Each structure stands twice: as structure tokens, then as C-alpha cells.
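Encoded as C-alpha cells, the structure appears first; notes follow it.
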Amino acid sequence: MFKRIFNTTTFLFLVFLFLVPFVKADYTGQQNSFFIDSSYDLTSRNKVNATLLLITSRLYFYVDNQWWSGLTYSDRDNVNRNLYYLSHRFEDEDYLVLTKTFGSEAKPGLDNDEHITVLIHSLPENVSGYTRSVDLVEKTKDNTSNQREMVYLAGDAIINTSASRIGYILAHEFTHLITLNQKGALATNDDDVWLNEGRAEYAATLLGYDSAYSGSNLEHRVNDFWRNPSVSLVDWQPDSYHYAAVNLFTQYLVDHYGVKVLVDSLHSKLTGAASLNEALKQNGFAENFNQIFQDWTLAVLLNDCKVGPKYCYKNTELQSLRIYPYGYYLPDNGASNLSVSNNLLNWSGNWLKIVGGKDNLEFDFNFPANTKFSMPYVIVDQAGNKTVKFWSDSAGYSGTIVVPSFNQANAALFFLPTVTEDKSADSYLFKWEASTITEAERQQIEAAAEQKMIIFLTSRINQLKAIVASLMTQLANLNRGQSLTCGAFLSDLYSGLKDNGEVKCLQKFLINQGLEIYPEGLVTGNYLSATEAAVRRFQAKNGLPQTGYFGPLTRSLASKLASF
């Protein structure tokens with residue numbers, strides 16, 4: 001009896017072993033070798049031997065043996081204290097907030113272990129941590145994979161940085177782990193790096209690390225931004241200036257459009273600006289990335305909600321942030337002229353101003369032809385009041401702006417030229433001239449500028465007409481050969497009908513009513529959204545109920561108007 005029970009129990013235990021994957025947890029003091037990124041290692045190694053120093057419910061802390069052996073006993077005590085704080089803050093607060101907001105990391109991942117491995121080794125002075133997407137693929141695909149959910153932290157940061165800043169560094173890198181899981185293969189696309197970094201940078205604010213501004217990551221980013229603000233947002237370089245720009249842009253984005261836009265862009269199948277545009281639309285916003293970037297450049301210049309609701313930060317820690325434009329001075333005695341060329345990076349903010357002069361200011365500028373750009377400009381009067389205006393590529397690649405009573409009623413002109421190309425060149429040459437002019441010259445220049453604008457817009461209209469004519473020709477060619485014998489409309493027609501001869505007759509009738517009724521102009525026999533919308537327009541034009549249903553009233557009128 002006892003033997004029988006023992007055999008049954010053993011059998012059930014063996015079955016359980018086969019059904020449940022075997023998990024081999026790491027243990028304190030365990031030795032392991034890890035591949036690392038040689039470009040981030042202080043001595044350019046690609047592999048290190050490490051010891052497991054501390055285990056918590058979510059984290060394995062490994063230390064590089066070479067780095068650890070070089071520490072004093074005092075430094076080792078400091079490391080142990082900081083790791084104790086780091087683990088508690090991460091597990092009790094940061095992990096829960098980040099995963100609730102953005103989603104989870106790969107869990108349990110390739111190693112079938114829900115712990116996140118943190119490897120501490122020597123990194124260059126300007127690098128605090130990193131992740132490797134290759135760690136999340138099998139060794140059969142890349143033999144340098146560690147097959148773990150891993151982040152890598154700088155040893156010096158653990159010793160010398162405040163405990164709260166270390167917490168932010170771990171949270172930043174963990175956000176990248178979440179991105180690698182949520183975004184998948186798209187997370188490694190070059191055009192998405194800036195946005196991935198923007199989310200990771202915002203983690204410090206989301207988790208409250210920036211609430212005490214002094215010494216915070218946000219303060220560091222503001223100071224770096226002041227030093228060099230005109231870097232490209234999208235052409236990513238891993239230096240402090242690009243981190244500063246993307247941080248402050250992301251702060252502005254969340255201030256005005258909410259963190260959900262960041263989250264939805266992460267979960268989108270699209271990347272970069274396209275994913276943001278999709279997320280903005282999903283959340284009911286009319287603005288796109290282009291518009292928001294333009295508003296942001298104005299916000300860091302003005303930071304004043306009274307000038308415009310989008311020209312400011314809502315974060316109280318950033319309400320004193322303002323860019324000081326690079327200034328040009330025109331002498332205030334006699335005629336004066338200034339000619340300048342600026343090299344602009346793609347998607348970079350550029351803040352310039354003109355002061356001085358007398359009488360009226362003539363500002364002539366020129367962007368490279370066929371380049372997408374925007375140029376907000378701000379006229380500041382003597383009382384400090386600011387008027388924001390815009391010039392974009394839709395108005396021409398060159399133009400003239402006249403500011404009357406310059407250095408009298410008006411004190412300054414700020415202008416913010418920005419190239420917004422989908423594909424980037426090294427730089428774009430922006431040329432401009434500023435000069436003082438008399439009142440008579442001002443009137444002549446404004447009249448000439450108006451005539452130039454009329455010529456440009458007329459040219460654009462003619463181009464659009466040519467495009468429409470070409471499309472209509474293509475449409476006619478598509479419809480040619482469709483022999484339709486149509487008489488009076490005898491049957492009700494409605495949305496959902498497909499491959500229907502009477503629907504084809506209706507569509508041909510709608511085409512004859514003009515582009516404003518049926519701009520698509522397709523004769524398919526399918527009564528779908530375009531045809532239904534055209535019927536509604538026809539009904540509205542003729543005072544009928546706008547149902548989109550081709551019923552007795554609409555049929556009767558259409559039969560009278562039809563000319564087949």
C-alpha cells in the first residue's frame with residue numbers, strides 16, 4: 001500500500017517537472033561572464049567577468065570583478081548603501097509606475113527568470129548607463145547575446161552620484177527595456193532613437209525625481225540646453241546637448257498633450273514623428289509633430305502663456321526657462337545694412353534677433369528652393385508686447401518682412417528659421433539681409449512684396465490645377481470603355497450595395513454634378529462611403545434630407561436632372 005502511493009506520487013512529480021519549465025535562479029556570489037558594449041566600456045572590452053553582489057525580488061546586481069577589485073573598502077561600503085536604496089526605490093515605486101504607464105518588459109524573457117540583471121562596470125565619464133537590444137535575442141541569432149533582460153550602469157555613478165540620481169539612471173534604462181519589449185524590432189530603428197530617449201528622459205519627471213529641481217536631471221538638461229540649444233532633434237547624437245533638447249521637447253509635449261500621447265506612440269506600429277502624429281490624432285488633437293515643434297521653439301523663446309496658450313511651459317520648474325537669441329545690431333545713425341548666412345540643421349531650433357537701426361526695418365531672407373521650412377517671427381514693441389507671426393514654405397522660399405518704426409515704436413525682431421525636411425542633409429544655407437529704409441521705401445517694398453506673393457500664389461494655383469487635370473484625365477481613362485445604358489432611376493439605392501449596374505449609373509450622374517459633389521469620380525458599382533457622401537452633398541445642395549440614402553425623393557429629382 002505504501003509502495004503504491006509512493007510510486008503514484010513520484011509519477012505525478014515527474015509529470016509536473018515536464019509541464020513546468022525548470023527555473024535556475026542566480027545566487028549571491030555567483031560568477032558569470034557577460035558580453036558588454038565595447039564602445040561604452042572605459043577600456044573597450046567586449047566581455048567581463050562579474051560577481052553577483054545583491055539579489056532582490058526583481059533585481060540581480062552584478063559587479064565587474066576588475067572594477068570591484070580596484071575599489072577601496074570605503075567605496076565598496078558606499079556601493080552597498082546606494083544599491084540598497086536603489087533596489088527599494090525601484091521595487092516599491094518606480095517599477096510599478098513605469099510598467100503601469102508604458103507596459104511591461106519582456107517577462108520572464110529568454111532566461112525564464114523575472115529578475116532584471118543590472119551589471120555595473122566602468123563607463124566613460126559622460127555615460128551613465130545603457131541597454132543592448134541584442135540581449136533579448138537567442139544566441140543562435142547572435143552569439144553575443146546575454147539572453148537576459150539587462151541594463152548596464154556606470155560604476156563611478158554608483159559611487160559618486162546622489163542616491164536619487166542613481167534611481168533615475170536605473171529608471172531611464174529600464175524604460176528602454178520596456179520599449180524594446182513593447183516596440184519590438186522597431187525600437188532599434190535609427191529614426192526612432194530620439195523619441196525612445198524622450199520617453200526615458202521623461203521617466204525622471206514622471207517618477208518625481210525632478211520635483212526637487214536643484215541638482216535634478218531636469219536642471220542638468222536645462223543648463224546643457226542653454227549651452228547649445230540648436231541641435232537637431234531627430235538626427236540623434238548621444239551627447240548631453242541632444243539629451244537636453246529631447247528632454248525639453250518631451251516636457252513641452254506632455255505639458256500640452258498629456259503623457260498618453262507618449263504611451264500611444266510607443267504602442268504604435270509606426271516610428272518617430274509618424275507614431276506621434278498617429279497618437280495625437282487618436283487622442284483628439286488637430287496638431288501634428290511639425291506644428292508642435294514650431295510651437296515649442298516659440299515656447300522656449302517666450303515662455304509666456306499670455307502671448308499664446310501654446311507658447312509656454314506648464315511645469316512650474318520650467319516657467320523661468322527662456323532662450324536668449326543670438327543678437328545682431330544695426331547702427332542707429334545713417335543708413336545701415338547687414339548681410340548674414342546661417343547654416344541650419346534639420347529639425348533644430350534657431351533663435352535670432354535684430355535690434356538697433358532707425359526708421360523702418362527691411363528684412364529679406366532666402367531658404368534653399370524646394371526645402372520644407374517654417375519661420376515664426378516675433379515683433380517686440382517698446383513696451384515689451386510681443387506679436388507672433390509666421391512664414392512657411394507655402395508662401396515662398398524667399399520673402400521680405402517690413403517692421404515699421406523700428407527702434408522707436410518697435411524695439412526688436414526675433415526670427416526662428418527651421419528646416420523640417422523628411423530626409424536630412426548635413427546643413428541648409430539660410431541667407432538674410434537687414435537694412436533700414438525710409439517711409440517712402442517701405443511703401444514701395446510692401447507693394448512689391450504683395451505683387452511677388454500674388455505671382456507666387458498664382459503659380460501654385462496653376463500647379464494644383466495641372467495636377468487636378470492630370471488626375472481627371474487618369475480617371476476618365478479608367479472609366480472609358482464602361483458602356484452604361486442608364487435611364488430613369490427606378491430603384492432605391494443604399495450603402496453596402498456592390499457591383500451594381502444602377503449604382504454605376506448613379507455614380508456617373510454624380511460625376512456630372514461637379515467636383516464639389518463627387519470629387520472622387522469613381523464608377524465602380526459599389527455604394528460605399530464616397531458614394532454615400534456624394535449623395536449627401538447632392539441632397540444638401542437641393543434642399544433634401546441629408547440621409548445618404550438614394551430613396552424616392554432623391555431618385556425623382558435625379559431622374560429629372562439626369563442627362564445620359
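So you can find residues: chains in the C-alpha cells are A, B, ... in the order shown, residues in each start at 1, and ligands are numbered from 1 in order.
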- What's the 10 Å shell around Leu557 of chain A, counting only C-alpha atoms, without same-chain residues fewer than 4 positions away, as an MDAnalysis selection string? chainID A and resid 489 539 542 544 552:553 561:562
Keeping only N, CA and C atoms, write the selected residues to a file as a PDB file, in the first residue's frame.
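So the final result, stored in selection_37.pdb, reads:
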ATOM      1  N   PHE A 489     -34.075  56.579 -62.715  1.00  0.00           N
ATOM      2  CA  PHE A 489     -33.747  55.752 -61.543  1.00  0.00           C
ATOM      3  C   PHE A 489     -35.040  55.169 -60.986  1.00  0.00           C
ATOM      4  N   GLN A 539     -28.003  65.938 -51.933  1.00  0.00           N
ATOM      5  CA  GLN A 539     -29.225  66.222 -51.182  1.00  0.00           C
ATOM      6  C   GLN A 539     -29.156  67.597 -50.521  1.00  0.00           C
ATOM      7  N   ASN A 542     -29.684  70.485 -52.904  1.00  0.00           N
ATOM      8  CA  ASN A 542     -31.037  70.616 -53.442  1.00  0.00           C
ATOM      9  C   ASN A 542     -32.118  70.638 -52.370  1.00  0.00           C
ATOM     10  N   LEU A 544     -32.833  68.647 -49.840  1.00  0.00           N
ATOM     11  CA  LEU A 544     -33.447  67.383 -49.439  1.00  0.00           C
ATOM     12  C   LEU A 544     -32.839  66.897 -48.125  1.00  0.00           C
ATOM     13  N   PRO A 552     -36.944  57.646 -52.733  1.00  0.00           N
ATOM     14  CA  PRO A 552     -37.911  58.198 -53.694  1.00  0.00           C
ATOM     15  C   PRO A 552     -37.713  59.680 -54.008  1.00  0.00           C
ATOM     16  N   LEU A 553     -37.535  60.541 -52.988  1.00  0.00           N
ATOM     17  CA  LEU A 553     -37.405  61.971 -53.254  1.00  0.00           C
ATOM     18  C   LEU A 553     -36.150  62.258 -54.078  1.00  0.00           C
ATOM     19  N   LEU A 561     -33.054  65.526 -63.530  1.00  0.00           N
ATOM     20  CA  LEU A 561     -31.826  66.241 -63.867  1.00  0.00           C
ATOM     21  C   LEU A 561     -30.889  65.433 -64.759  1.00  0.00           C
ATOM     22  N   ALA A 562     -31.104  64.117 -64.780  1.00  0.00           N
ATOM     23  CA  ALA A 562     -30.151  63.248 -65.478  1.00  0.00           C
ATOM     24  C   ALA A 562     -30.119  63.551 -66.974  1.00  0.00           C
TER      25      ALA A 562
END
- Message: I'd like the contact shell of Thr175 of chain A - 6 Å cut-off, only C-alpha atoms, skipping same-chain residues fewer than 3 positions apart - returned as a ChimeraX atom specification.
- Response: /A:172,178,200
Please produce a file of the residues just selected, as a compact mmCIF listing (two decimals), in the first residue's frame, where the atoms kept are N, CA and C atoms.
# COMPACT_ATOMS: atom_id res chain seq x y z
N HIS A 172 15.63 55.24 -16.12
CA HIS A 172 15.83 55.62 -17.52
C HIS A 172 16.14 54.38 -18.35
N ILE A 178 11.55 48.39 -21.39
CA ILE A 178 10.12 48.35 -21.70
C ILE A 178 9.91 48.62 -23.19
N ALA A 200 12.40 57.91 -22.11
CA ALA A 200 13.26 57.55 -21.00
C ALA A 200 13.65 58.77 -20.18
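Residues in contact with Asn303 of chain A at 10 Å, where only C-alpha atoms are counted and same-chain residues fewer than 4 positions away are skipped, are listed as A:Trp296, A:Thr297, A:Leu298, A:Ala299, A:Val307, A:Gly308, A:Pro309, A:Lys310, A:Tyr311, A:Cys312, A:Tyr313, A:Lys314, A:Leu318, A:Gln319, A:Ser320, A:Leu321, A:Arg322, A:Ile323.
The space separating atom CA of Asn462 of chain A from atom CA of Asn346 of chain A comes to 29.8 Å.
Excluding Ser128 of chain A and any residue on its chain fewer than 2 positions from it, the residues at most 8 Å away by only C-alpha atoms are A:Leu123, A:Glu125, A:Asn126, A:Tyr130, A:Leu153, A:Ala154, A:Ala157, A:Ile169.
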- Item | Spatial neighbours of Tyr202 of chain A, 8 Å, only C-alpha atoms, chain gap at least 6 places, as a ChimeraX atom specification | /A:247,250-251
Closest atom pairs, residues of segment 85-172 of chain A within 9 Å of segment 43-51 of chain A, only C-alpha atoms, as a tab-separated table:
residue	atom	partner	partner_atom	distance
A:Leu119	CA	A:Ala50	CA	7.9
A:Ile120	CA	A:Ala50	CA	8.7
A:His121	CA	A:Val48	CA	8.5
A:Ser122	CA	A:Thr43	CA	8.0
A:Leu123	CA	A:Thr43	CA	8.5
A:Pro124	CA	A:Thr43	CA	9.0
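Nearest to Asn350 of chain A of all the residues A:Asn160, A:Gln294, A:Ser39, A:Ser104 is A:Gln294, based on only C-alpha atoms.
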Among segment 82-253 of chain A, which residues does DSSP mark as helix (DSSP H, G or I) when it is run on the backbone? Keep the chain and numbering as in the structure and answer as a short mmCIF file (atom, residue, chain, number, x, y, z; two decimals) with C-alpha atoms, in the first residue's frame.
data_model
loop_
_atom_site.label_atom_id
_atom_site.label_comp_id
_atom_site.auth_asym_id
_atom_site.auth_seq_id
_atom_site.Cartn_x
_atom_site.Cartn_y
_atom_site.Cartn_z
CA ASN A 82 23.42 53.04 -2.68
CA LEU A 83 22.34 49.69 -4.10
CA TYR A 84 20.19 49.14 -1.02
CA TYR A 85 18.43 52.48 -1.61
CA LEU A 86 18.25 51.87 -5.34
CA SER A 87 16.60 48.48 -5.04
CA HIS A 88 13.96 49.64 -2.56
CA ARG A 89 13.02 52.74 -4.54
CA PHE A 90 12.85 50.80 -7.81
CA GLU A 91 10.82 47.89 -6.46
CA ASP A 92 8.47 49.84 -4.19
CA GLU A 93 7.71 52.75 -6.56
CA ASP A 94 9.46 53.12 -9.90
CA TYR A 95 8.82 49.68 -11.36
CA LEU A 96 5.10 49.87 -10.64
CA VAL A 97 4.65 53.39 -12.08
CA LEU A 98 6.68 52.73 -15.24
CA THR A 99 5.03 49.39 -16.08
CA LYS A 100 1.56 50.76 -15.34
CA THR A 101 2.25 53.73 -17.64
CA PHE A 102 4.20 52.23 -20.54
CA SER A 133 18.76 45.05 -27.70
CA VAL A 134 20.86 42.03 -28.66
CA ASP A 135 20.40 40.64 -25.12
CA LEU A 136 16.77 39.90 -25.96
CA GLY A 155 30.40 52.19 -11.63
CA ASP A 156 31.51 55.76 -10.91
CA ALA A 157 27.87 56.89 -10.90
CA ILE A 158 27.06 54.31 -8.22
CA ILE A 159 29.90 55.64 -6.05
CA ASN A 160 29.84 59.38 -6.65
CA ALA A 163 21.25 58.06 -4.41
CA SER A 164 18.21 59.73 -6.00
CA ARG A 165 20.06 60.38 -9.27
CA ILE A 166 21.15 56.74 -9.39
CA GLY A 167 17.47 55.85 -9.08
CA TYR A 168 16.68 57.97 -12.10
CA ILE A 169 19.51 56.36 -14.12
CA LEU A 170 18.14 52.88 -13.45
CA ALA A 171 14.59 54.04 -14.27
CA HIS A 172 15.83 55.62 -17.52
CA GLU A 173 17.48 52.40 -18.68
CA PHE A 174 14.55 50.27 -17.52
CA THR A 175 12.26 52.41 -19.69
CA HIS A 176 14.43 51.36 -22.63
CA LEU A 177 13.86 47.70 -21.65
CA ILE A 178 10.12 48.35 -21.70
CA THR A 179 10.48 49.99 -25.12
CA LEU A 180 12.40 47.01 -26.50
CA ASN A 181 9.57 44.73 -25.46
CA GLN A 182 6.64 46.97 -26.40
CA LYS A 183 8.07 48.25 -29.67
CA GLY A 184 9.85 45.06 -30.69
CA ALA A 185 12.16 45.21 -33.70
CA LEU A 186 11.01 48.78 -34.47
CA ALA A 187 12.74 50.01 -31.31
CA THR A 188 16.14 49.70 -32.98
CA ASP A 190 17.57 54.92 -36.15
CA ASP A 191 14.76 57.38 -36.83
CA ASP A 192 13.10 56.45 -33.53
CA VAL A 193 16.07 56.81 -31.17
CA TRP A 194 15.28 60.43 -30.27
CA LEU A 195 11.71 59.55 -29.29
CA ASN A 196 12.81 56.50 -27.29
CA GLU A 197 15.24 58.74 -25.43
CA GLY A 198 12.49 61.31 -24.91
CA ARG A 199 10.34 58.74 -23.11
CA ALA A 200 13.26 57.55 -21.00
CA GLU A 201 14.19 61.15 -20.14
CA TYR A 202 10.63 61.89 -19.08
CA ALA A 203 10.78 58.99 -16.61
CA ALA A 204 12.63 61.24 -14.13
CA THR A 205 9.73 63.72 -14.12
CA LEU A 206 7.06 61.02 -14.14
CA ASN A 217 18.27 65.66 -14.04
CA LEU A 218 15.94 68.39 -15.31
CA GLU A 219 18.26 71.12 -14.02
CA HIS A 220 21.23 69.42 -15.73
CA ARG A 221 19.29 69.27 -19.01
CA VAL A 222 18.24 72.93 -18.84
CA ASN A 223 21.84 74.01 -18.26
CA ASP A 224 23.06 71.90 -21.19
CA PHE A 225 20.29 73.26 -23.39
CA TRP A 226 21.36 76.83 -22.66
CA ARG A 227 24.91 75.96 -23.68
CA SER A 240 24.38 65.88 -23.42
CA TYR A 241 23.08 68.57 -25.80
CA HIS A 242 20.83 66.17 -27.73
CA TYR A 243 19.57 64.68 -24.46
CA ALA A 244 18.81 68.22 -23.27
CA ALA A 245 16.87 69.13 -26.42
CA VAL A 246 14.82 65.94 -26.49
CA ASN A 247 14.10 66.20 -22.75
CA LEU A 248 12.77 69.74 -23.01
CA PHE A 249 10.77 68.97 -26.15
CA THR A 250 9.19 65.96 -24.41
CA GLN A 251 8.43 68.04 -21.31
CA TYR A 252 6.59 70.50 -23.57
CA LEU A 253 4.77 67.72 -25.43
#
- Task: From segment 297-338 of chain A, collect each residue whose DSSP state is strand (DSSP E or B) and return the set as an MDAnalysis selection string.
- Result: chainID A and resid 326:330 337:338
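Interatomic distance, atom CA of Val403 of chain A to atom CA of Thr458 of chain A: 25.9 Å.
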